[in-house]
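> Below is the file protein_37.cif, with mmCIF, C-alpha atoms and all ligand atoms.
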```cif
data_work
#
loop_
_atom_site.label_atom_id
_atom_site.label_comp_id
_atom_site.auth_asym_id
_atom_site.auth_seq_id
_atom_site.Cartn_x
_atom_site.Cartn_y
_atom_site.Cartn_z
CA MET A 1 0.00 0.00 0.00
CA ALA A 2 1.67 3.23 -1.15
CA LYS A 3 1.04 6.10 1.19
CA VAL A 4 2.36 9.63 0.59
CA ILE A 5 2.19 12.94 2.40
CA TYR A 6 1.50 16.30 0.81
CA PRO A 7 2.91 18.95 3.16
CA GLY A 8 2.37 22.67 2.91
CA THR A 9 1.33 25.83 4.64
CA PHE A 10 -2.16 25.85 3.06
CA ASP A 11 -2.92 29.39 4.22
CA PRO A 12 -5.47 28.85 2.72
CA VAL A 13 -5.85 25.79 0.49
CA THR A 14 -6.54 26.76 -3.13
CA LYS A 15 -7.88 24.92 -6.16
CA GLY A 16 -4.24 24.68 -7.27
CA HIS A 17 -3.48 22.51 -4.24
CA ILE A 18 -6.62 20.46 -4.86
CA ASP A 19 -5.52 19.90 -8.45
CA ILE A 20 -2.29 18.36 -7.09
CA ILE A 21 -4.28 16.19 -4.64
CA ASP A 22 -6.53 15.02 -7.52
CA ARG A 23 -3.43 13.84 -9.36
CA ALA A 24 -1.88 12.23 -6.26
CA VAL A 25 -4.98 10.13 -5.49
CA GLU A 26 -4.79 8.68 -9.00
CA LEU A 27 -1.29 7.42 -8.24
CA PHE A 28 -1.28 6.41 -4.58
CA ASP A 29 -3.43 4.42 -2.16
CA GLU A 30 -3.49 7.07 0.55
CA VAL A 31 -2.62 10.76 0.51
CA ILE A 32 -2.11 12.54 3.82
CA VAL A 33 -2.44 16.28 3.35
CA THR A 34 -0.47 17.76 6.21
CA VAL A 35 -0.40 21.35 7.45
CA ALA A 36 2.97 22.63 8.64
CA LYS A 37 2.56 24.16 12.09
CA ASN A 38 5.71 26.21 11.81
CA PRO A 39 6.76 26.82 8.21
CA GLY A 40 8.57 30.06 9.10
CA LYS A 41 5.70 32.16 7.75
CA THR A 42 3.21 34.34 9.57
CA ALA A 43 -0.14 32.78 8.80
CA LEU A 44 -3.52 34.44 8.41
CA PHE A 45 -5.37 31.29 9.51
CA SER A 46 -4.54 29.16 12.56
CA VAL A 47 -3.43 25.57 12.04
CA GLU A 48 -6.87 24.40 13.24
CA GLU A 49 -8.63 26.65 10.71
CA ARG A 50 -6.36 25.46 7.89
CA VAL A 51 -6.98 21.82 8.79
CA GLU A 52 -10.74 22.46 8.99
CA MET A 53 -10.79 24.17 5.57
CA LEU A 54 -8.86 21.27 4.05
CA LYS A 55 -11.14 18.67 5.62
CA GLU A 56 -14.26 20.45 4.39
CA SER A 57 -12.79 21.07 0.92
CA LEU A 58 -11.80 17.41 0.60
CA LYS A 59 -15.02 15.83 1.84
CA GLY A 60 -15.76 12.74 -0.22
CA TYR A 61 -12.09 12.09 -1.01
CA GLU A 62 -11.91 8.56 0.36
CA LYS A 63 -8.16 8.16 -0.05
CA VAL A 64 -7.30 11.48 1.62
CA ARG A 65 -6.60 12.21 5.27
CA VAL A 66 -5.77 15.64 6.72
CA ASP A 67 -3.47 16.28 9.67
CA SER A 68 -0.79 18.70 10.83
CA PHE A 69 2.83 18.39 11.89
CA ASP A 70 5.62 20.19 13.64
CA GLY A 71 9.32 19.62 12.98
CA LEU A 72 10.88 17.91 10.00
CA VAL A 73 8.68 16.80 7.14
CA VAL A 74 10.64 13.55 6.72
CA ASP A 75 10.03 12.66 10.38
CA HIS A 76 6.32 13.11 9.89
CA ALA A 77 6.47 11.00 6.73
CA LYS A 78 8.15 8.20 8.70
CA ASN A 79 5.73 8.52 11.62
CA VAL A 80 2.73 7.98 9.37
CA GLY A 81 4.40 5.28 7.27
CA ALA A 82 4.59 7.30 4.05
CA VAL A 83 7.00 6.34 1.29
CA GLY A 84 7.00 9.71 -0.42
CA ILE A 85 6.46 13.45 -0.23
CA ILE A 86 4.27 15.12 -2.86
CA ARG A 87 5.06 18.68 -3.89
CA GLY A 88 3.58 20.84 -6.60
CA LEU A 89 5.71 22.38 -9.34
CA ARG A 90 3.90 25.33 -10.88
CA ALA A 91 6.64 26.94 -12.92
CA VAL A 92 10.39 26.90 -13.48
CA SER A 93 10.66 29.45 -10.67
CA ASP A 94 9.55 26.76 -8.18
CA PHE A 95 12.16 24.33 -9.37
CA GLU A 96 15.29 25.48 -7.56
CA TYR A 97 13.57 25.63 -4.16
CA GLU A 98 11.85 22.28 -4.62
CA PHE A 99 15.04 20.66 -5.90
CA GLN A 100 16.98 21.91 -2.88
CA MET A 101 14.29 20.69 -0.47
CA ALA A 102 14.03 17.32 -2.20
CA LEU A 103 17.79 16.75 -2.03
CA MET A 104 17.99 17.82 1.62
CA ASN A 105 15.06 15.57 2.48
CA ARG A 106 16.73 12.70 0.64
CA LYS A 107 19.92 13.32 2.62
CA LEU A 108 17.89 13.24 5.84
CA ALA A 109 15.90 10.16 4.87
CA GLY A 110 17.08 8.24 1.82
CA ASP A 111 14.04 5.97 1.82
CA ILE A 112 11.53 8.84 1.42
CA THR A 113 11.12 9.93 -2.20
CA THR A 114 9.94 13.37 -3.29
CA ILE A 115 7.42 13.33 -6.13
CA LEU A 116 6.83 16.59 -8.01
CA LEU A 117 3.48 16.95 -9.73
CA MET A 118 2.48 19.75 -12.11
CA PRO A 119 -0.92 21.37 -11.62
CA HIS A 120 -3.12 22.37 -14.54
CA ALA A 121 -1.76 25.42 -16.40
CA ARG A 122 -4.70 27.50 -15.18
CA TYR A 123 -3.23 27.35 -11.66
CA THR A 124 0.41 28.08 -12.45
CA TYR A 125 0.22 31.69 -11.24
CA LEU A 126 -1.77 30.91 -8.11
CA ASN A 127 -0.50 30.97 -4.56
CA SER A 128 -2.03 31.52 -1.15
CA THR A 129 -0.51 35.01 -0.77
CA ILE A 130 -2.28 36.21 -3.92
CA ILE A 131 -5.56 34.81 -2.61
CA ARG A 132 -5.12 36.50 0.79
CA ASN A 133 -4.20 39.81 -0.87
CA LEU A 134 -7.13 39.69 -3.27
CA ALA A 135 -9.56 38.80 -0.47
CA GLN A 136 -8.23 41.55 1.79
CA PHE A 137 -9.08 44.13 -0.86
CA HIS A 138 -12.38 42.42 -1.69
CA GLY A 139 -11.27 41.07 -5.07
CA ASN A 140 -13.24 38.09 -6.34
CA VAL A 141 -11.47 34.86 -5.41
CA ALA A 142 -14.47 32.52 -5.81
CA GLU A 143 -13.04 30.85 -8.90
CA PHE A 144 -9.80 29.88 -7.11
CA VAL A 145 -11.00 28.53 -3.76
CA THR A 146 -13.64 26.16 -2.39
CA PRO A 147 -16.87 27.49 -0.78
CA ILE A 148 -15.59 26.94 2.79
CA VAL A 149 -12.42 28.94 2.08
CA LEU A 150 -14.46 31.71 0.50
CA LYS A 151 -16.66 31.80 3.61
CA LYS A 152 -13.68 31.93 5.96
CA LEU A 153 -12.01 34.67 3.89
CA ASN A 154 -15.21 36.71 3.97
CA GLU A 155 -15.26 36.33 7.77
CA LYS A 156 -11.66 37.56 8.02
CA PHE A 157 -12.28 40.40 5.59
CA PRO A 158 -15.98 41.28 5.86
CA PRO A 159 -17.34 42.95 2.72
CA LYS A 160 -17.60 46.75 3.16
CA LYS A 161 -21.06 48.06 3.89
CA LYS A 162 -22.39 50.50 1.29
CA GLY A 163 -21.67 54.08 2.29
CA SER A 164 -18.90 53.20 4.74
N1 LIG B 201 -1.37 25.72 -6.20
C1 LIG B 201 -1.39 26.91 -5.62
N2 LIG B 201 -0.43 27.36 -4.81
C2 LIG B 201 0.60 26.52 -4.57
C3 LIG B 201 0.69 25.26 -5.14
C4 LIG B 201 -0.36 24.87 -5.99
N3 LIG B 201 -0.36 23.68 -6.59
N4 LIG B 201 1.82 24.68 -4.71
C5 LIG B 201 2.43 25.55 -3.91
N5 LIG B 201 1.69 26.67 -3.83
C6 LIG B 201 2.01 27.89 -3.08
C7 LIG B 201 1.51 27.86 -1.67
O1 LIG B 201 0.19 28.34 -1.58
C8 LIG B 201 2.48 28.78 -0.98
O2 LIG B 201 2.07 30.11 -1.20
P1 LIG B 201 2.46 31.28 -0.22
O3 LIG B 201 3.95 31.29 -0.10
O4 LIG B 201 1.93 32.45 -0.93
O5 LIG B 201 1.77 31.00 1.09
C9 LIG B 201 3.78 28.59 -1.74
O6 LIG B 201 3.42 28.03 -2.98
C10 LIG B 201 4.74 27.70 -1.02
O7 LIG B 201 4.20 26.43 -0.90
P2 LIG B 201 4.01 25.58 0.41
O8 LIG B 201 3.52 24.27 -0.07
O9 LIG B 201 3.17 26.24 1.43
O10 LIG B 201 5.44 25.35 0.88
P3 LIG B 201 6.37 26.11 1.86
O11 LIG B 201 7.47 26.65 1.09
O12 LIG B 201 5.62 27.00 2.77
O13 LIG B 201 6.94 24.84 2.65
C11 LIG B 201 6.87 22.88 3.99
C12 LIG B 201 6.15 24.11 3.50
C13 LIG B 201 6.02 22.28 5.04
C14 LIG B 201 7.04 21.87 2.87
C15 LIG B 201 8.29 23.24 4.49
O14 LIG B 201 8.19 24.42 5.26
C16 LIG B 201 8.83 22.15 5.37
O15 LIG B 201 9.23 21.12 4.89
N6 LIG B 201 8.85 22.39 6.67
C17 LIG B 201 9.29 21.43 7.67
C18 LIG B 201 10.72 21.64 8.05
C19 LIG B 201 11.59 20.73 7.25
O16 LIG B 201 11.40 19.56 7.15
N7 LIG B 201 12.63 21.33 6.68
C20 LIG B 201 13.55 20.62 5.85
C21 LIG B 201 13.12 20.67 4.42
S1 LIG B 201 14.53 21.03 3.47
#
```
Would you mind giving the structure from this file in structure tokens?


Amino acid sequence: MAKVIYPGTFDPVTKGHIDIIDRAVELFDEVIVTVAKNPGKTALFSVEERVEMLKESLKGYEKVRVDSFDGLVVDHAKNVGAVGIIRGLRAVSDFEYEFQMALMNRKLAGDITTILLMPHARYTYLNSTIIRNLAQFHGNVAEFVTPIVLKKLNEKFPPKKKGS
């Protein structure tokens, strides 16, 4: 049984991430989507909120489990019995960073393989920062996120009342 983890910040999850998960479930028996508790970024959403948004967005995905982790990604992979780490590669600009991470993770744990998957071209320019920025200034993000994420973004950045 081939189990993999898909780690990330997911602040918040976007349809670009879900596109990667769709591809991963075609290839593996179980995909554990795992939220990094401390990725060195200041997050808009708490870990609990990010996990909740992922769980709700991935309802009905029988091969997917959502959790969170602290510490090294390879340690979490070992703890859950995963053989690989899924990462998304959107553009050439992602490559150097992903390559460096993959080689470091291989050095740390030679038996855990990094698998890079390319999302659909329509998501190549998407990241969570763009979504947060757009939402903050009340740009329309509905096409890029799931309904639960849209709801949570609207709660964080309530639409302006007319006249205010
Ligand atoms: N669609 C849309 N956006 C995507 C995407 C996709 N398919 N794939 C990546 N992104 C975006 C993310 O939304 C994120 O955007 P943001 O920076 O605007 O928030 C950005 O690309 C970075 O991706 P993310 O997956 O969140 O990775 P990260 O660089 O924050 O790294 C970990 C997260 C968990 C993989 C990394 O911090 C880690 O491994 N931490 C544990 C410590 C460790 O083991 N270190 C050793 C590794 S060398």

> Could you jot down the atom CA of A:Leu54 to atom CA of A:Ile21 separation for me, Å, one decimal place?

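Atom CA of A:Ile21 lies at a distance of 11.1 Å from atom CA of A:Leu54.
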
> Counting all atoms listed in the file, figure out which residue out of A:Ser68, A:Ala135, A:Lys78, A:Ala24 gets nearest to A:Ser46.

A:Ser68

> Quick one: axis-aligned box around all listed atoms of ligand LIG 201 (chain B), 6 Å on every side, centre and edge lengths in Å to one decimal, written as lines of an AutoDock Vina configuration file.


```
center_x = 6.6
center_y = 26.0
center_z = 0.7
size_x = 27.9
size_y = 24.9
size_z = 26.6
```

> Counting only C-alpha atoms, which residues of stretch 30-105 of chain A fall within 6 Å of stretch 114-122 of chain A, and what is the closest atom pair for each with its distance in Å at one decimal, ordered by chain and rising number, as a tab-separated table?


```
residue	atom	partner	partner_atom	distance
A:Gly84	CA	A:Thr114	CA	5.5
A:Ile85	CA	A:Thr114	CA	4.6
A:Ile86	CA	A:Ile115	CA	4.9
A:Arg87	CA	A:Leu116	CA	4.9
A:Gly88	CA	A:Leu117	CA	5.0
A:Leu89	CA	A:Met118	CA	5.0
A:Arg90	CA	A:Met118	CA	5.9
A:Ala102	CA	A:Thr114	CA	5.8
```

> Calculate how many Å separate atom CA of A:Val80 from atom CA of A:Val145, rounding to one decimal.

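Atom-to-atom, atom CA of A:Val80 to atom CA of A:Val145, that is 28.0 Å.
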
> Output the neighbourhood of ligand LIG 201 (chain B) as number ranges by chain, that is, all protein and nucleic acid residues with some atom at most 7 Å from the ligand, counting only C-alpha atoms and all ligand atoms.

A: 7-11, 13-17, 19-20, 35-36, 39-40, 71-74, 87-90, 100-102, 104-105, 119, 123-124, 126-130

> Which value, in Å to one decimal, gives the distance between atom CA of A:Asp75 and atom CA of A:Ile112?

9.9 Å

> Pick the closest to A:Phe137 from A:Lys160, A:Ile18, A:Arg65, A:Leu150: which is it, counting only C-alpha atoms?

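Under the stated criterion, the closest residue is A:Lys160.
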
> Taking only C-alpha atoms into account, name the residue in A:Glu62, A:Asp70, A:Asp111, A:Asp94 that is nearest to A:Val25.

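Under the stated criterion, the closest residue is A:Glu62.
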
> Nearest to A:Phe69: which of A:Leu134, A:Lys55, A:Tyr6, A:Phe45 is it, counting all atoms listed in the file?

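Of A:Leu134, A:Lys55, A:Tyr6, A:Phe45, the one nearest A:Phe69, counting all atoms listed in the file, is A:Tyr6.
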
> Using only C-alpha atoms, which of A:Ala109, A:Asn154, A:Glu96, A:His76 sits nearest A:Ala142?

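Closest residue, counting only C-alpha atoms: A:Asn154.
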
> Please identify all polymer residues within 9 Å of stretch 151-153 of chain A, counting all atoms listed in the file, omitting same-chain residues fewer than 2 positions from it, and present them as a list in words.

Pro12, Glu49, Met53, Arg132, Ala135, Gln136, Thr146, Pro147, Ile148, Val149, Glu155, Lys156, Phe157 and Pro158 of chain A

> Counting only C-alpha atoms, figure out which residue out of A:Glu143, A:Tyr125, A:Lys37, A:Tyr61 gets nearest to A:Ala91.

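So, comparing all the options, the nearest one is A:Tyr125.
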
> What would stretch 4-46 of chain A look like if you wrote it out as a PDB file, in the first residue's frame, with N, CA and C atoms included, from the block I just posted?


```
ATOM      1  N   VAL A   4       1.486   8.456   0.743  1.00  0.00           N
ATOM      2  CA  VAL A   4       2.356   9.633   0.593  1.00  0.00           C
ATOM      3  C   VAL A   4       1.803  10.779   1.438  1.00  0.00           C
ATOM      4  N   ILE A   5       2.689  11.736   1.736  1.00  0.00           N
ATOM      5  CA  ILE A   5       2.194  12.942   2.395  1.00  0.00           C
ATOM      6  C   ILE A   5       2.349  14.129   1.449  1.00  0.00           C
ATOM      7  N   TYR A   6       1.436  15.068   1.588  1.00  0.00           N
ATOM      8  CA  TYR A   6       1.496  16.301   0.808  1.00  0.00           C
ATOM      9  C   TYR A   6       1.551  17.453   1.821  1.00  0.00           C
ATOM     10  N   PRO A   7       2.787  17.906   2.147  1.00  0.00           N
ATOM     11  CA  PRO A   7       2.914  18.946   3.164  1.00  0.00           C
ATOM     12  C   PRO A   7       2.837  20.340   2.561  1.00  0.00           C
ATOM     13  N   GLY A   8       2.398  21.287   3.370  1.00  0.00           N
ATOM     14  CA  GLY A   8       2.368  22.672   2.912  1.00  0.00           C
ATOM     15  C   GLY A   8       1.846  23.577   3.999  1.00  0.00           C
ATOM     16  N   THR A   9       1.829  24.846   3.687  1.00  0.00           N
ATOM     17  CA  THR A   9       1.329  25.833   4.641  1.00  0.00           C
ATOM     18  C   THR A   9      -0.202  25.925   4.537  1.00  0.00           C
ATOM     19  N   PHE A  10      -0.708  25.855   3.327  1.00  0.00           N
ATOM     20  CA  PHE A  10      -2.161  25.848   3.056  1.00  0.00           C
ATOM     21  C   PHE A  10      -2.875  27.004   3.764  1.00  0.00           C
ATOM     22  N   ASP A  11      -2.383  28.216   3.507  1.00  0.00           N
ATOM     23  CA  ASP A  11      -2.917  29.388   4.219  1.00  0.00           C
ATOM     24  C   ASP A  11      -3.565  30.379   3.258  1.00  0.00           C
ATOM     25  N   PRO A  12      -4.657  30.058   2.617  1.00  0.00           N
ATOM     26  CA  PRO A  12      -5.468  28.854   2.723  1.00  0.00           C
ATOM     27  C   PRO A  12      -5.212  27.903   1.544  1.00  0.00           C
ATOM     28  N   VAL A  13      -5.873  26.720   1.617  1.00  0.00           N
ATOM     29  CA  VAL A  13      -5.849  25.787   0.489  1.00  0.00           C
ATOM     30  C   VAL A  13      -6.532  26.452  -0.706  1.00  0.00           C
ATOM     31  N   THR A  14      -5.951  26.212  -1.900  1.00  0.00           N
ATOM     32  CA  THR A  14      -6.544  26.764  -3.131  1.00  0.00           C
ATOM     33  C   THR A  14      -6.902  25.616  -4.078  1.00  0.00           C
ATOM     34  N   LYS A  15      -7.564  25.964  -5.163  1.00  0.00           N
ATOM     35  CA  LYS A  15      -7.877  24.924  -6.157  1.00  0.00           C
ATOM     36  C   LYS A  15      -6.610  24.393  -6.831  1.00  0.00           C
ATOM     37  N   GLY A  16      -5.529  25.159  -6.753  1.00  0.00           N
ATOM     38  CA  GLY A  16      -4.237  24.682  -7.274  1.00  0.00           C
ATOM     39  C   GLY A  16      -3.735  23.511  -6.446  1.00  0.00           C
ATOM     40  N   HIS A  17      -3.872  23.630  -5.120  1.00  0.00           N
ATOM     41  CA  HIS A  17      -3.480  22.507  -4.243  1.00  0.00           C
ATOM     42  C   HIS A  17      -4.385  21.300  -4.515  1.00  0.00           C
ATOM     43  N   ILE A  18      -5.670  21.572  -4.673  1.00  0.00           N
ATOM     44  CA  ILE A  18      -6.616  20.456  -4.860  1.00  0.00           C
ATOM     45  C   ILE A  18      -6.341  19.743  -6.187  1.00  0.00           C
ATOM     46  N   ASP A  19      -5.899  20.507  -7.176  1.00  0.00           N
ATOM     47  CA  ASP A  19      -5.516  19.900  -8.455  1.00  0.00           C
ATOM     48  C   ASP A  19      -4.370  18.901  -8.243  1.00  0.00           C
ATOM     49  N   ILE A  20      -3.412  19.275  -7.389  1.00  0.00           N
ATOM     50  CA  ILE A  20      -2.288  18.358  -7.091  1.00  0.00           C
ATOM     51  C   ILE A  20      -2.814  17.113  -6.356  1.00  0.00           C
ATOM     52  N   ILE A  21      -3.726  17.324  -5.407  1.00  0.00           N
ATOM     53  CA  ILE A  21      -4.285  16.189  -4.640  1.00  0.00           C
ATOM     54  C   ILE A  21      -5.046  15.255  -5.585  1.00  0.00           C
ATOM     55  N   ASP A  22      -5.802  15.833  -6.528  1.00  0.00           N
ATOM     56  CA  ASP A  22      -6.528  15.016  -7.516  1.00  0.00           C
ATOM     57  C   ASP A  22      -5.561  14.104  -8.275  1.00  0.00           C
ATOM     58  N   ARG A  23      -4.409  14.645  -8.612  1.00  0.00           N
ATOM     59  CA  ARG A  23      -3.428  13.843  -9.356  1.00  0.00           C
ATOM     60  C   ARG A  23      -2.799  12.783  -8.442  1.00  0.00           C
ATOM     61  N   ALA A  24      -2.534  13.165  -7.191  1.00  0.00           N
ATOM     62  CA  ALA A  24      -1.885  12.229  -6.262  1.00  0.00           C
ATOM     63  C   ALA A  24      -2.791  11.033  -5.959  1.00  0.00           C
ATOM     64  N   VAL A  25      -4.090  11.263  -5.821  1.00  0.00           N
ATOM     65  CA  VAL A  25      -4.979  10.126  -5.487  1.00  0.00           C
ATOM     66  C   VAL A  25      -5.096   9.136  -6.648  1.00  0.00           C
ATOM     67  N   GLU A  26      -4.799   9.599  -7.844  1.00  0.00           N
ATOM     68  CA  GLU A  26      -4.790   8.684  -9.003  1.00  0.00           C
ATOM     69  C   GLU A  26      -3.598   7.730  -8.927  1.00  0.00           C
ATOM     70  N   LEU A  27      -2.547   8.172  -8.239  1.00  0.00           N
ATOM     71  CA  LEU A  27      -1.292   7.416  -8.244  1.00  0.00           C
ATOM     72  C   LEU A  27      -1.046   6.583  -6.985  1.00  0.00           C
ATOM     73  N   PHE A  28      -1.615   7.041  -5.865  1.00  0.00           N
ATOM     74  CA  PHE A  28      -1.277   6.410  -4.581  1.00  0.00           C
ATOM     75  C   PHE A  28      -2.526   5.930  -3.853  1.00  0.00           C
ATOM     76  N   ASP A  29      -2.297   5.002  -2.903  1.00  0.00           N
ATOM     77  CA  ASP A  29      -3.426   4.422  -2.165  1.00  0.00           C
ATOM     78  C   ASP A  29      -3.953   5.370  -1.098  1.00  0.00           C
ATOM     79  N   GLU A  30      -3.061   6.132  -0.485  1.00  0.00           N
ATOM     80  CA  GLU A  30      -3.491   7.069   0.548  1.00  0.00           C
ATOM     81  C   GLU A  30      -2.640   8.336   0.467  1.00  0.00           C
ATOM     82  N   VAL A  31      -3.316   9.475   0.562  1.00  0.00           N
ATOM     83  CA  VAL A  31      -2.622  10.765   0.514  1.00  0.00           C
ATOM     84  C   VAL A  31      -2.947  11.513   1.803  1.00  0.00           C
ATOM     85  N   ILE A  32      -1.899  11.786   2.572  1.00  0.00           N
ATOM     86  CA  ILE A  32      -2.106  12.537   3.815  1.00  0.00           C
ATOM     87  C   ILE A  32      -1.703  13.981   3.557  1.00  0.00           C
ATOM     88  N   VAL A  33      -2.697  14.853   3.559  1.00  0.00           N
ATOM     89  CA  VAL A  33      -2.436  16.280   3.353  1.00  0.00           C
ATOM     90  C   VAL A  33      -2.118  16.849   4.726  1.00  0.00           C
ATOM     91  N   THR A  34      -0.922  17.408   4.872  1.00  0.00           N
ATOM     92  CA  THR A  34      -0.474  17.758   6.210  1.00  0.00           C
ATOM     93  C   THR A  34      -0.047  19.228   6.311  1.00  0.00           C
ATOM     94  N   VAL A  35      -0.633  19.909   7.277  1.00  0.00           N
ATOM     95  CA  VAL A  35      -0.404  21.347   7.454  1.00  0.00           C
ATOM     96  C   VAL A  35       0.822  21.555   8.339  1.00  0.00           C
ATOM     97  N   ALA A  36       1.774  22.338   7.847  1.00  0.00           N
ATOM     98  CA  ALA A  36       2.967  22.635   8.642  1.00  0.00           C
ATOM     99  C   ALA A  36       2.603  23.639   9.729  1.00  0.00           C
ATOM    100  N   LYS A  37       2.905  23.255  10.972  1.00  0.00           N
ATOM    101  CA  LYS A  37       2.565  24.155  12.086  1.00  0.00           C
ATOM    102  C   LYS A  37       3.498  25.344  12.124  1.00  0.00           C
ATOM    103  N   ASN A  38       4.735  25.135  11.693  1.00  0.00           N
ATOM    104  CA  ASN A  38       5.709  26.212  11.814  1.00  0.00           C
ATOM    105  C   ASN A  38       6.567  26.324  10.555  1.00  0.00           C
ATOM    106  N   PRO A  39       5.979  26.780   9.453  1.00  0.00           N
ATOM    107  CA  PRO A  39       6.758  26.820   8.215  1.00  0.00           C
ATOM    108  C   PRO A  39       7.637  28.066   8.094  1.00  0.00           C
ATOM    109  N   GLY A  40       7.755  28.849   9.174  1.00  0.00           N
ATOM    110  CA  GLY A  40       8.566  30.062   9.104  1.00  0.00           C
ATOM    111  C   GLY A  40       7.827  31.196   8.422  1.00  0.00           C
ATOM    112  N   LYS A  41       6.514  31.097   8.361  1.00  0.00           N
ATOM    113  CA  LYS A  41       5.701  32.158   7.753  1.00  0.00           C
ATOM    114  C   LYS A  41       4.687  32.622   8.784  1.00  0.00           C
ATOM    115  N   THR A  42       4.294  33.873   8.707  1.00  0.00           N
ATOM    116  CA  THR A  42       3.212  34.339   9.574  1.00  0.00           C
ATOM    117  C   THR A  42       1.907  34.042   8.850  1.00  0.00           C
ATOM    118  N   ALA A  43       1.067  33.232   9.492  1.00  0.00           N
ATOM    119  CA  ALA A  43      -0.141  32.777   8.802  1.00  0.00           C
ATOM    120  C   ALA A  43      -1.346  33.659   9.131  1.00  0.00           C
ATOM    121  N   LEU A  44      -2.241  33.749   8.175  1.00  0.00           N
ATOM    122  CA  LEU A  44      -3.516  34.440   8.407  1.00  0.00           C
ATOM    123  C   LEU A  44      -4.444  33.535   9.220  1.00  0.00           C
ATOM    124  N   PHE A  45      -4.480  32.255   8.852  1.00  0.00           N
ATOM    125  CA  PHE A  45      -5.368  31.295   9.514  1.00  0.00           C
ATOM    126  C   PHE A  45      -4.567  30.427  10.494  1.00  0.00           C
ATOM    127  N   SER A  46      -5.205  30.059  11.601  1.00  0.00           N
ATOM    128  CA  SER A  46      -4.544  29.162  12.556  1.00  0.00           C
ATOM    129  C   SER A  46      -4.409  27.771  11.927  1.00  0.00           C
TER     130      SER A  46
END
```
